[in-house]
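File shown here: my_file-v4.csv, holding CSV, C-alpha atoms.
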chain,number,residue,atom,x,y,z
A,1,MET,CA,34.6,-7.3,-18.5
A,2,SER,CA,38.2,-6.7,-17.3
A,3,THR,CA,37.6,-2.9,-17.5
A,4,VAL,CA,34.4,-3.0,-15.4
A,5,ARG,CA,34.9,-2.3,-11.8
A,6,ASN,CA,32.8,-4.3,-9.3
A,7,LEU,CA,32.7,-3.6,-5.6
A,8,LEU,CA,33.3,-6.8,-3.6
A,9,ALA,CA,31.6,-7.6,-0.3
A,10,ARG,CA,34.9,-7.7,1.6
A,11,GLU,CA,35.6,-4.1,0.6
A,12,VAL,CA,32.6,-2.8,2.5
A,13,ARG,CA,32.2,-2.0,6.2
A,14,ALA,CA,29.3,-0.8,8.2
A,15,GLY,CA,29.4,3.0,8.6
A,16,GLN,CA,31.1,3.5,5.3
A,17,GLU,CA,29.8,6.6,3.3
A,18,LEU,CA,28.9,6.3,-0.4
A,19,PRO,CA,30.3,8.9,-2.8
A,20,SER,CA,27.9,11.8,-3.1
A,21,LEU,CA,26.0,12.7,-6.3
A,22,GLN,CA,24.6,16.1,-7.2
A,23,ILE,CA,21.9,16.5,-9.9
A,24,ASP,CA,20.4,19.8,-11.0
A,25,VAL,CA,16.7,19.2,-11.6
A,26,THR,CA,14.9,20.9,-14.5
A,27,ALA,CA,11.4,20.5,-15.8
A,28,THR,CA,12.9,18.3,-18.5
A,29,THR,CA,14.5,16.0,-15.8
A,30,ILE,CA,11.0,15.6,-14.2
A,31,VAL,CA,9.1,15.0,-17.5
A,32,LEU,CA,11.8,12.5,-18.8
A,33,GLY,CA,11.5,10.5,-15.5
A,34,ALA,CA,7.7,10.5,-15.6
A,35,ILE,CA,7.5,9.4,-19.2
A,36,ALA,CA,10.2,6.8,-18.8
A,37,SER,CA,8.2,5.3,-15.9
A,38,ARG,CA,5.0,5.6,-17.9
A,39,ASP,CA,3.5,7.9,-15.3
A,40,TRP,CA,1.1,10.1,-17.2
A,41,ARG,CA,-0.4,11.9,-14.3
A,42,PRO,CA,-0.5,15.7,-14.9
A,43,MET,CA,1.2,16.8,-11.8
A,44,HIS,CA,4.4,15.5,-13.3
A,45,HIS,CA,4.2,17.5,-16.5
A,46,ASP,CA,1.5,20.2,-16.1
A,47,LYS,CA,2.5,23.1,-13.9
A,48,ALA,CA,-1.0,24.7,-13.7
A,49,PHE,CA,-2.5,21.3,-12.6
A,50,ALA,CA,0.2,20.8,-9.9
A,51,ILE,CA,-0.5,24.3,-8.5
A,52,GLU,CA,-4.3,24.2,-8.7
A,53,ARG,CA,-4.9,20.6,-7.7
A,54,ASN,CA,-2.0,19.6,-5.6
A,55,GLY,CA,-1.4,22.9,-4.0
A,56,VAL,CA,2.3,22.9,-4.7
A,57,LYS,CA,4.6,25.4,-6.5
A,58,ASP,CA,5.4,23.4,-9.7
A,59,ILE,CA,5.6,19.9,-11.2
A,60,PHE,CA,7.5,17.4,-9.1
A,61,VAL,CA,9.6,14.2,-9.4
A,62,ASN,CA,7.3,11.1,-9.4
A,63,THR,CA,7.7,8.2,-7.1
A,64,PRO,CA,8.8,5.4,-9.5
A,65,ASN,CA,11.4,7.8,-10.9
A,66,PHE,CA,12.9,8.2,-7.4
A,67,GLN,CA,13.4,4.4,-7.4
A,68,ALA,CA,15.3,4.6,-10.7
A,69,TRP,CA,17.4,7.5,-9.4
A,70,PHE,CA,18.3,5.5,-6.2
A,71,GLU,CA,19.1,2.5,-8.3
A,72,ARG,CA,21.5,4.5,-10.5
A,73,TYR,CA,23.1,6.0,-7.4
A,74,LEU,CA,23.6,2.6,-5.8
A,75,THR,CA,24.9,0.8,-8.8
A,76,ASP,CA,27.3,3.7,-9.7
A,77,TRP,CA,28.9,2.6,-6.4
A,78,THR,CA,28.7,-1.2,-6.7
A,79,GLY,CA,29.3,-1.7,-10.4
A,80,PRO,CA,27.1,-4.0,-12.6
A,81,LYS,CA,27.4,-7.1,-10.3
A,82,GLY,CA,25.6,-5.2,-7.5
A,83,ARG,CA,22.1,-6.7,-7.5
A,84,LEU,CA,19.2,-4.9,-5.7
A,85,GLY,CA,17.2,-7.2,-3.4
A,86,ARG,CA,15.0,-4.6,-1.7
A,87,MET,CA,14.4,-0.9,-1.6
A,88,SER,CA,12.0,1.3,0.4
A,89,PHE,CA,11.7,5.0,0.8
A,90,LYS,CA,9.6,7.8,2.1
A,91,MET,CA,9.0,11.1,0.5
A,92,LYS,CA,9.0,14.0,3.0
A,93,LYS,CA,9.0,16.9,0.5
A,94,SER,CA,8.6,17.1,-3.3
A,95,VAL,CA,11.5,17.9,-5.6
A,96,PHE,CA,10.9,20.7,-8.1
A,97,PRO,CA,12.6,22.3,-11.1
A,98,GLY,CA,15.5,24.4,-9.9
A,99,ASP,CA,16.3,22.1,-7.0
A,100,ARG,CA,19.7,20.5,-6.7
A,101,MET,CA,19.3,16.9,-5.5
A,102,ALA,CA,22.2,15.7,-3.4
A,103,PHE,CA,22.3,11.9,-3.0
A,104,SER,CA,24.0,10.5,0.0
A,105,GLY,CA,24.3,7.0,1.4
A,106,ARG,CA,25.8,5.1,4.4
A,107,VAL,CA,26.3,1.4,4.9
A,108,THR,CA,24.2,0.3,7.9
A,109,GLY,CA,25.1,-3.4,7.8
A,110,VAL,CA,26.9,-6.2,6.1
A,111,SER,CA,25.8,-9.9,6.3
A,112,THR,CA,25.9,-13.3,4.6
A,113,ASP,CA,22.7,-15.3,4.4
A,114,ALA,CA,22.0,-19.0,4.8
A,115,VAL,CA,22.7,-19.7,1.1
A,116,GLY,CA,26.0,-17.8,1.0
A,117,CYS,CA,24.8,-14.5,-0.6
A,118,HIS,CA,26.7,-11.4,0.7
A,119,TRP,CA,24.4,-8.4,1.4
A,120,VAL,CA,24.9,-4.8,2.2
A,121,ASP,CA,22.2,-2.6,3.8
A,122,VAL,CA,22.4,1.0,2.9
A,123,ALA,CA,20.6,4.1,4.1
A,124,VAL,CA,20.1,6.5,1.3
A,125,ALA,CA,18.8,10.1,1.1
A,126,VAL,CA,18.1,12.9,-1.3
A,127,SER,CA,18.6,16.4,0.1
A,128,VAL,CA,17.8,19.8,-1.4
A,129,ALA,CA,19.5,22.8,0.2
A,130,GLY,CA,20.6,20.7,3.1
A,131,GLU,CA,17.1,19.4,3.9
A,132,ILE,CA,16.2,15.8,3.4
A,133,THR,CA,13.3,15.4,0.8
A,134,THR,CA,13.4,11.6,0.4
A,135,GLU,CA,15.1,8.9,2.5
A,136,GLY,CA,15.1,5.2,2.3
A,137,ARG,CA,16.8,1.9,2.7
A,138,ALA,CA,18.2,-0.6,0.2
A,139,LYS,CA,19.6,-4.1,0.4
A,140,LEU,CA,22.0,-5.1,-2.3
A,141,ALA,CA,23.9,-8.4,-3.0
A,142,LEU,CA,27.6,-8.0,-3.8
A,143,PRO,CA,30.0,-10.6,-5.1
A,144,ALA,CA,32.2,-12.3,-2.5
A,145,ASP,CA,35.2,-12.3,-5.0
A,146,GLU,CA,36.0,-11.7,-8.6
A,147,ALA,CA,34.4,-15.1,-9.6
A,148,ASP,CA,31.1,-14.6,-7.8
A,149,ASN,CA,28.1,-13.2,-9.5
A,150,PRO,CA,24.9,-12.4,-7.6
A,151,TRP,CA,22.9,-12.3,-10.9
A,152,ALA,CA,23.5,-16.0,-11.2
A,153,ARG,CA,21.4,-16.7,-8.1
A,154,LYS,CA,18.0,-18.2,-8.8
A,155,GLY,CA,15.0,-19.6,-6.9
A,156,PRO,CA,15.9,-20.7,-3.4
A,157,ARG,CA,19.5,-19.3,-3.7
A,158,TRP,CA,18.0,-15.7,-3.9
A,159,ILE,CA,16.5,-14.6,-0.6
A,160,PRO,CA,16.0,-10.8,-0.7
B,1,MET,CA,1.0,-8.8,6.7
B,2,ALA,CA,-2.4,-9.3,8.4
B,3,PRO,CA,-5.3,-7.4,6.8
B,4,GLU,CA,-6.3,-4.3,8.9
B,5,ALA,CA,-9.4,-2.2,8.6
B,6,ALA,CA,-10.4,0.8,10.6
B,7,GLY,CA,-13.8,0.6,12.4
B,8,ASP,CA,-15.3,3.5,10.5
B,9,LEU,CA,-14.9,2.1,7.0
B,10,PRO,CA,-17.7,1.9,4.4
B,11,PRO,CA,-18.7,-1.8,3.9
B,12,ALA,CA,-17.7,-1.7,0.3
B,13,VAL,CA,-14.1,-0.8,1.3
B,14,ARG,CA,-14.0,-3.4,4.1
B,15,THR,CA,-14.8,-6.2,1.7
B,16,LEU,CA,-11.8,-5.3,-0.5
B,17,ILE,CA,-9.2,-5.8,2.2
B,18,GLY,CA,-7.0,-8.8,1.6
B,19,MET,CA,-8.7,-9.8,-1.6
B,20,PRO,CA,-6.5,-10.3,-4.8
B,21,GLN,CA,-7.9,-8.0,-7.5
B,22,TYR,CA,-7.2,-6.8,-11.0
B,23,GLU,CA,-5.1,-9.6,-12.3
B,24,GLU,CA,-3.4,-8.0,-15.3
B,25,ARG,CA,-0.9,-8.9,-18.0
B,26,SER,CA,1.7,-6.5,-19.3
B,27,GLU,CA,0.5,-5.0,-22.6
B,28,PHE,CA,3.6,-5.8,-24.6
B,29,PRO,CA,6.7,-8.1,-24.1
B,30,ILE,CA,9.4,-6.4,-22.1
B,31,GLU,CA,11.7,-4.4,-24.4
B,32,ILE,CA,15.0,-2.6,-24.4
B,33,GLY,CA,13.7,0.8,-25.6
B,34,TYR,CA,12.0,1.4,-22.2
B,35,VAL,CA,15.2,0.4,-20.4
B,36,TYR,CA,17.1,3.0,-22.4
B,37,ASN,CA,14.4,5.6,-21.6
B,38,THR,CA,14.8,5.0,-17.9
B,39,CYS,CA,18.6,4.9,-18.0
B,40,ALA,CA,18.7,8.1,-20.0
B,41,ALA,CA,16.3,9.8,-17.7
B,42,THR,CA,18.5,9.1,-14.7
B,43,GLY,CA,22.0,9.2,-16.3
B,44,ASN,CA,22.4,5.5,-15.5
B,45,GLY,CA,25.5,4.2,-17.3
B,46,ASN,CA,25.5,0.8,-15.7
B,47,PRO,CA,27.0,-1.3,-18.5
B,48,LEU,CA,24.7,-4.2,-17.5
B,49,TYR,CA,22.0,-2.3,-19.4
B,50,TRP,CA,24.0,-0.9,-22.3
B,51,ASP,CA,26.5,-3.7,-23.1
B,52,GLU,CA,24.9,-6.8,-24.6
B,53,ARG,CA,28.0,-8.9,-24.1
B,54,LEU,CA,28.3,-8.0,-20.4
B,55,ALA,CA,24.6,-8.6,-19.9
B,56,GLN,CA,25.0,-12.1,-21.5
B,57,GLU,CA,28.0,-12.8,-19.3
B,58,LEU,CA,26.4,-11.7,-16.0
B,59,ALA,CA,22.6,-12.3,-16.5
B,60,GLY,CA,22.4,-14.7,-19.4
B,61,GLY,CA,21.0,-11.9,-21.6
B,62,ARG,CA,19.5,-8.4,-21.6
B,63,ILE,CA,17.6,-7.6,-18.4
B,64,ALA,CA,15.7,-4.6,-17.1
B,65,PRO,CA,16.8,-2.6,-14.0
B,66,PRO,CA,14.9,-4.1,-11.1
B,67,THR,CA,13.3,-0.8,-10.1
B,68,MET,CA,11.5,-0.7,-13.5
B,69,LEU,CA,9.2,-3.4,-12.0
B,70,SER,CA,6.1,-1.1,-11.9
B,71,VAL,CA,6.8,0.5,-15.2
B,72,TRP,CA,5.8,-2.6,-17.2
B,73,MET,CA,2.3,-2.7,-15.8
B,74,ARG,CA,1.2,0.9,-16.3
B,75,PRO,CA,-1.2,1.2,-19.2
B,76,HIS,CA,-0.7,3.6,-22.1
B,77,TYR,CA,-2.5,6.9,-21.6
B,78,TRP,CA,-4.8,6.0,-24.5
B,79,ALA,CA,-5.7,2.9,-26.5
B,80,PRO,CA,-8.3,2.2,-29.2
B,81,GLY,CA,-11.7,1.5,-27.6
B,82,ALA,CA,-10.6,2.2,-24.1
B,83,PRO,CA,-13.1,4.4,-22.2
B,84,GLY,CA,-11.5,7.6,-20.9
B,85,GLU,CA,-8.2,8.1,-19.3
B,86,ARG,CA,-6.5,4.7,-18.3
B,87,LYS,CA,-5.1,4.5,-14.8
B,88,ALA,CA,-2.6,2.2,-13.2
B,89,LEU,CA,-3.1,0.8,-9.7
B,90,LYS,CA,-6.9,0.7,-10.0
B,91,ALA,CA,-7.4,-0.5,-6.4
B,92,HIS,CA,-6.0,2.8,-5.3
B,93,PHE,CA,-8.4,4.8,-7.5
B,94,ASP,CA,-11.3,2.6,-6.3
B,95,LEU,CA,-10.4,3.5,-2.7
B,96,LYS,CA,-10.3,7.2,-3.5
B,97,ASP,CA,-13.8,6.9,-5.0
B,98,LEU,CA,-15.3,4.7,-2.3
B,99,CYS,CA,-13.8,6.8,0.5
B,100,GLY,CA,-14.8,10.1,-1.1
B,101,LEU,CA,-11.3,11.4,-1.0
B,102,PRO,CA,-10.5,13.1,-4.3
B,103,GLU,CA,-6.8,13.8,-3.8
B,104,ALA,CA,-4.0,11.4,-2.9
B,105,VAL,CA,-0.2,11.3,-2.4
B,106,VAL,CA,2.2,8.4,-2.1
B,107,VAL,CA,3.6,8.3,1.4
B,108,SER,CA,6.1,5.5,1.1
B,109,ASN,CA,7.0,2.7,-1.3
B,110,GLU,CA,8.8,-0.6,-0.7
B,111,ALA,CA,9.9,-3.1,-3.4
B,112,VAL,CA,11.4,-6.5,-3.1
B,113,PHE,CA,13.0,-7.9,-6.3
B,114,GLY,CA,13.0,-11.6,-7.3
B,115,GLU,CA,14.0,-13.1,-10.7
B,116,PRO,CA,15.4,-10.5,-13.1
B,117,VAL,CA,12.9,-9.2,-15.8
B,118,CYS,CA,14.3,-10.3,-19.2
B,119,MET,CA,13.6,-8.9,-22.6
B,120,GLY,CA,10.6,-10.7,-24.1
B,121,ASP,CA,9.1,-11.6,-20.7
B,122,VAL,CA,5.3,-11.2,-20.3
B,123,LEU,CA,4.4,-10.2,-16.7
B,124,THR,CA,1.3,-10.7,-14.7
B,125,THR,CA,0.3,-8.8,-11.6
B,126,HIS,CA,-2.4,-8.7,-9.0
B,127,GLN,CA,-3.3,-5.9,-6.5
B,128,VAL,CA,-4.2,-6.5,-2.8
B,129,VAL,CA,-5.5,-3.8,-0.5
B,130,ARG,CA,-3.7,-4.6,2.8
B,131,SER,CA,-5.0,-2.0,5.1
B,132,VAL,CA,-7.2,1.2,5.3
B,133,GLY,CA,-6.9,3.5,8.3
B,134,GLU,CA,-9.4,5.6,10.1
B,135,LEU,CA,-10.4,9.1,9.0
B,136,LYS,CA,-8.0,11.6,10.5
B,137,GLN,CA,-6.9,15.2,10.2
B,138,THR,CA,-3.6,15.6,8.3
B,139,LYS,CA,-1.6,18.6,7.2
B,140,LEU,CA,-3.1,18.3,3.7
B,141,GLY,CA,-6.7,17.8,4.8
B,142,VAL,CA,-9.0,15.1,6.3
B,143,GLY,CA,-8.0,11.7,5.0
B,144,ARG,CA,-7.1,8.1,5.4
B,145,PHE,CA,-3.8,6.1,4.9
B,146,TRP,CA,-4.0,2.9,3.0
B,147,VAL,CA,-1.5,0.2,1.8
B,148,ILE,CA,-1.7,-1.7,-1.4
B,149,ASP,CA,0.6,-4.6,-2.6
B,150,VAL,CA,1.3,-5.4,-6.2
B,151,GLU,CA,2.8,-8.8,-6.8
B,152,THR,CA,4.4,-9.6,-10.1
B,153,ARG,CA,5.2,-13.0,-11.8
B,154,ASN,CA,6.7,-13.8,-15.2
B,155,GLN,CA,5.3,-16.2,-17.9
B,156,GLN,CA,6.9,-19.2,-16.1
B,157,GLY,CA,5.1,-18.3,-12.9
B,158,ALA,CA,8.4,-17.2,-11.2
B,159,TRP,CA,8.1,-14.4,-8.7
B,160,VAL,CA,9.8,-11.3,-10.0
B,161,GLY,CA,8.9,-8.8,-7.3
B,162,THR,CA,6.4,-7.2,-5.0
B,163,GLU,CA,5.8,-3.5,-4.5
B,164,THR,CA,4.0,-2.1,-1.5
B,165,TYR,CA,2.6,1.4,-1.7
B,166,SER,CA,1.4,3.5,1.2
B,167,PHE,CA,-0.9,6.4,0.2
B,168,LEU,CA,-2.7,9.2,1.9
B,169,GLY,CA,-6.1,9.9,0.3
B,170,TYR,CA,-7.5,13.2,1.4
B,171,ARG,CA,-9.9,16.0,0.8
B,172,ARG,CA,-8.5,19.5,0.7
B,173,PRO,CA,-10.0,22.0,3.2
B,174,GLU,CA,-12.7,24.3,1.9
B,175,PRO,CA,-11.2,27.8,1.2
B,176,GLN,CA,-12.0,30.3,3.9
B,177,PRO,CA,-14.3,33.1,2.8

Take the structure in this file and express it as structure tokens.
Amino acid sequence: MSTVRNLLAREVRAGQELPSLQIDVTATTIVLGAIASRDWRPMHHDKAFAIERNGVKDIFVNTPNFQAWFERYLTDWTGPKGRLGRMSFKMKKSVFPGDRMAFSGRVTGVSTDAVGCHWVDVAVAVSVAGEITTEGRAKLALPADEADNPWARKGPRWIP
Amino acid sequence: MAPEAAGDLPPAVRTLIGMPQYEERSEFPIEIGYVYNTCAATGNGNPLYWDERLAQELAGGRIAPPTMLSVWMRPHYWAPGAPGERKALKAHFDLKDLCGLPEAVVVSNEAVFGEPVCMGDVLTTHQVVRSVGELKQTKLGVGRFWVIDVETRNQQGAWVGTETYSFLGYRRPEPQP
């Protein structure tokens, strides 16, 4: 545990930028994500279907896999004590093989709720070639100090 | 969210709005193999999902990443005796059929996460159509926007999360001669 770095709520300020993350997307990236999320729909593994039925140029990243990518991006930043409370996003354009996904994030707010849980609100986005393809918002609980642990919150002490 | 229905909806669609449907149980107890699949697919090295001791210390045992909430309820592509292809989010496919809109895309997605999902948990969900909009011209074709909630609980009845999906169901324009 001593070697694991955890971001503390007091280290975060509104306006703070998250470190960027770049991912080169291949057909394998898309198929791995679709299968891991048990999404068997053909537009995420069958290029001919994607072109003929969806009218797009290739297979594309599926929605549940974007959630998983955003979670990885956010918890890379927070460390394992960062606990997701809420996440929403909108897909503006699909992400295809050959694209480089650039993840970015900015803290939009910090707060403490009625039961003493410390929250950060983050605006997140994925861009390809400088154009936003997916953007969203997340709300994460962070520990107040080294002894605090948001995962220990249960029932009425967890208000996401 | 108050149920909303456009004035031009078929009656069969109107009756679905606000009604809990398709209560379903996960097909297998939650297991670590799928957690590894998801972490590997996204390069997620969070030690909470790889280090059993840390998981015990922070969460009282192995847990799944919260964003895997919807993963557990998707059926396998095939199962013995199941007729045809098996589809998740049946309420969505019902709306496509009832509205006569053969294509659909997810427009947005929101998830709220409750109790952590633990290894061995058995989850139960139900689906609720929250709203269906009026027929309109979109960039993809003529279609409707609709919103479906999926609420999930564990075997103790504790709320583990709710996902809200917004879809556009549409019909592609006829090719010009």

Between atom CA of Val13 of chain B and atom CA of Val129 of chain B, distance in Å (one decimal):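 We find that atom CA of Val13 of chain B and atom CA of Val129 of chain B lie 9.3 Å from each other.
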
One decimal, Å: what's the distance from atom CA of Leu9 of chain B over to atom CA of Glu174 of chain B, could you say? 22.9 Å

Considering all atoms listed in the file, give me a table of residues in chain B that are at most 7 Å from chain A, with the closest atom pair and distance in Å for each, as JSON lines.
{"residue": "B:Tyr34", "atom": "CA", "partner": "A:Ala36", "partner_atom": "CA", "distance": 6.6}
{"residue": "B:Asn37", "atom": "CA", "partner": "A:Ala36", "partner_atom": "CA", "distance": 5.2}
{"residue": "B:Thr38", "atom": "CA", "partner": "A:Ala36", "partner_atom": "CA", "distance": 5.0}
{"residue": "B:Ala41", "atom": "CA", "partner": "A:Gly33", "partner_atom": "CA", "distance": 5.3}
{"residue": "B:Thr42", "atom": "CA", "partner": "A:Trp69", "partner_atom": "CA", "distance": 5.6}
{"residue": "B:Asn44", "atom": "CA", "partner": "A:Arg72", "partner_atom": "CA", "distance": 5.2}
{"residue": "B:Asn46", "atom": "CA", "partner": "A:Pro80", "partner_atom": "CA", "distance": 5.9}
{"residue": "B:Pro47", "atom": "CA", "partner": "A:Pro80", "partner_atom": "CA", "distance": 6.5}
{"residue": "B:Leu48", "atom": "CA", "partner": "A:Pro80", "partner_atom": "CA", "distance": 5.5}
{"residue": "B:Leu54", "atom": "CA", "partner": "A:Met1", "partner_atom": "CA", "distance": 6.6}
{"residue": "B:Leu58", "atom": "CA", "partner": "A:Trp151", "partner_atom": "CA", "distance": 6.2}
{"residue": "B:Ala59", "atom": "CA", "partner": "A:Trp151", "partner_atom": "CA", "distance": 5.6}
{"residue": "B:Pro66", "atom": "CA", "partner": "A:Leu84", "partner_atom": "CA", "distance": 6.9}
{"residue": "B:Thr67", "atom": "CA", "partner": "A:Ala68", "partner_atom": "CA", "distance": 5.8}
{"residue": "B:Val71", "atom": "CA", "partner": "A:Ser37", "partner_atom": "CA", "distance": 5.0}
{"residue": "B:Arg74", "atom": "CA", "partner": "A:Arg38", "partner_atom": "CA", "distance": 6.3}
{"residue": "B:Tyr77", "atom": "CA", "partner": "A:Trp40", "partner_atom": "CA", "distance": 6.5}
{"residue": "B:Val107", "atom": "CA", "partner": "A:Lys90", "partner_atom": "CA", "distance": 6.1}
{"residue": "B:Ser108", "atom": "CA", "partner": "A:Lys90", "partner_atom": "CA", "distance": 4.3}
{"residue": "B:Asn109", "atom": "CA", "partner": "A:Ser88", "partner_atom": "CA", "distance": 5.5}
{"residue": "B:Glu110", "atom": "CA", "partner": "A:Ser88", "partner_atom": "CA", "distance": 3.9}
{"residue": "B:Ala111", "atom": "CA", "partner": "A:Met87", "partner_atom": "CA", "distance": 5.3}
{"residue": "B:Val112", "atom": "CA", "partner": "A:Arg86", "partner_atom": "CA", "distance": 4.3}
{"residue": "B:Phe113", "atom": "CA", "partner": "A:Gly85", "partner_atom": "CA", "distance": 5.2}
{"residue": "B:Glu115", "atom": "CA", "partner": "A:Lys154", "partner_atom": "CA", "distance": 6.8}

Considering all atoms listed in the file, state which residue in the set B:Glu52, B:Glu27, B:Glu163, B:Glu103 is at the smallest distance from Val147 of chain B.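 That would be B:Glu163, the residue with the smallest distance to Val147 of chain B.
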
Ile32 of chain B environment, 9 Å, only C-alpha atoms, sequence neighbours closer than 3 positions dropped, as a list in words: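 In the requested format, the answer is Val35, Tyr36, Asn37, Tyr49, Arg62, Ile63, Ala64 and Met119 of chain B.
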
Fewer than 6 positions away in the same chain doesn't count, so skip those; otherwise give me all residues within 9 Å of Ala129 of chain A, counting all atoms listed in the file, as a PyMOL selection string. chain A and resi 99-102

Write out as an MDAnalysis selection string which residues come within 10 Å of His92 of chain B when counting only C-alpha atoms, dropping same-chain ones fewer than 5 positions away. chainID B and resid 87 97:98 104 127:129 146:148 165:167 169

Write the residues you've just listed into a file as a compact mmCIF listing (two decimals), keeping the file's coordinate frame, and include C-alpha atoms for each of them.
# COMPACT_ATOMS: atom_id res chain seq x y z
CA LYS B 87 -5.10 4.50 -14.80
CA ASP B 97 -13.80 6.90 -5.00
CA LEU B 98 -15.30 4.70 -2.30
CA ALA B 104 -4.00 11.40 -2.90
CA GLN B 127 -3.30 -5.90 -6.50
CA VAL B 128 -4.20 -6.50 -2.80
CA VAL B 129 -5.50 -3.80 -0.50
CA TRP B 146 -4.00 2.90 3.00
CA VAL B 147 -1.50 0.20 1.80
CA ILE B 148 -1.70 -1.70 -1.40
CA TYR B 165 2.60 1.40 -1.70
CA SER B 166 1.40 3.50 1.20
CA PHE B 167 -0.90 6.40 0.20
CA GLY B 169 -6.10 9.90 0.30

Gap from atom CA of Ser127 of chain A to atom CA of Val25 of chain A - Å, one decimal: 12.2 Å

Residue nearest Ser94 of chain A among B:Ala158, B:Val117, B:Leu69, B:Val105 (counting all atoms listed in the file):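 With all atoms listed in the file as the atom set, the closest residue is B:Val105.
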
Pick from A:His118, A:His45, A:Arg157, A:Lys57, whichever lies nearest to Glu11 of chain A using all atoms listed in the file: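 Of all the options, A:His118 lies closest to Glu11 of chain A.
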
Select, from B:Tyr170, B:Tyr22, B:Trp159, B:Phe28, the residue with the minimum atom-to-atom distance to Ala88 of chain B, counting all atoms listed in the file.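 That would be B:Tyr22, the residue with the smallest distance to Ala88 of chain B.
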
Identify, on the basis of only C-alpha atoms, every residue whose closest approach to Ala9 of chain A does not exceed 10 Å; exclude the query and any residue fewer than 4 positions from it along the same chain; express the result as a PyMOL selection string. chain A and resi 13+78+82+110-112+117-120+141-145

For Phe103 of chain A, find every residue with an atom within 6 Å (counting only C-alpha atoms), except residues of its own chain fewer than 5 positions away, and show them as a list in words.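 The neighbour list is Ser20, Leu21, Ala125 and Val126 of chain A.
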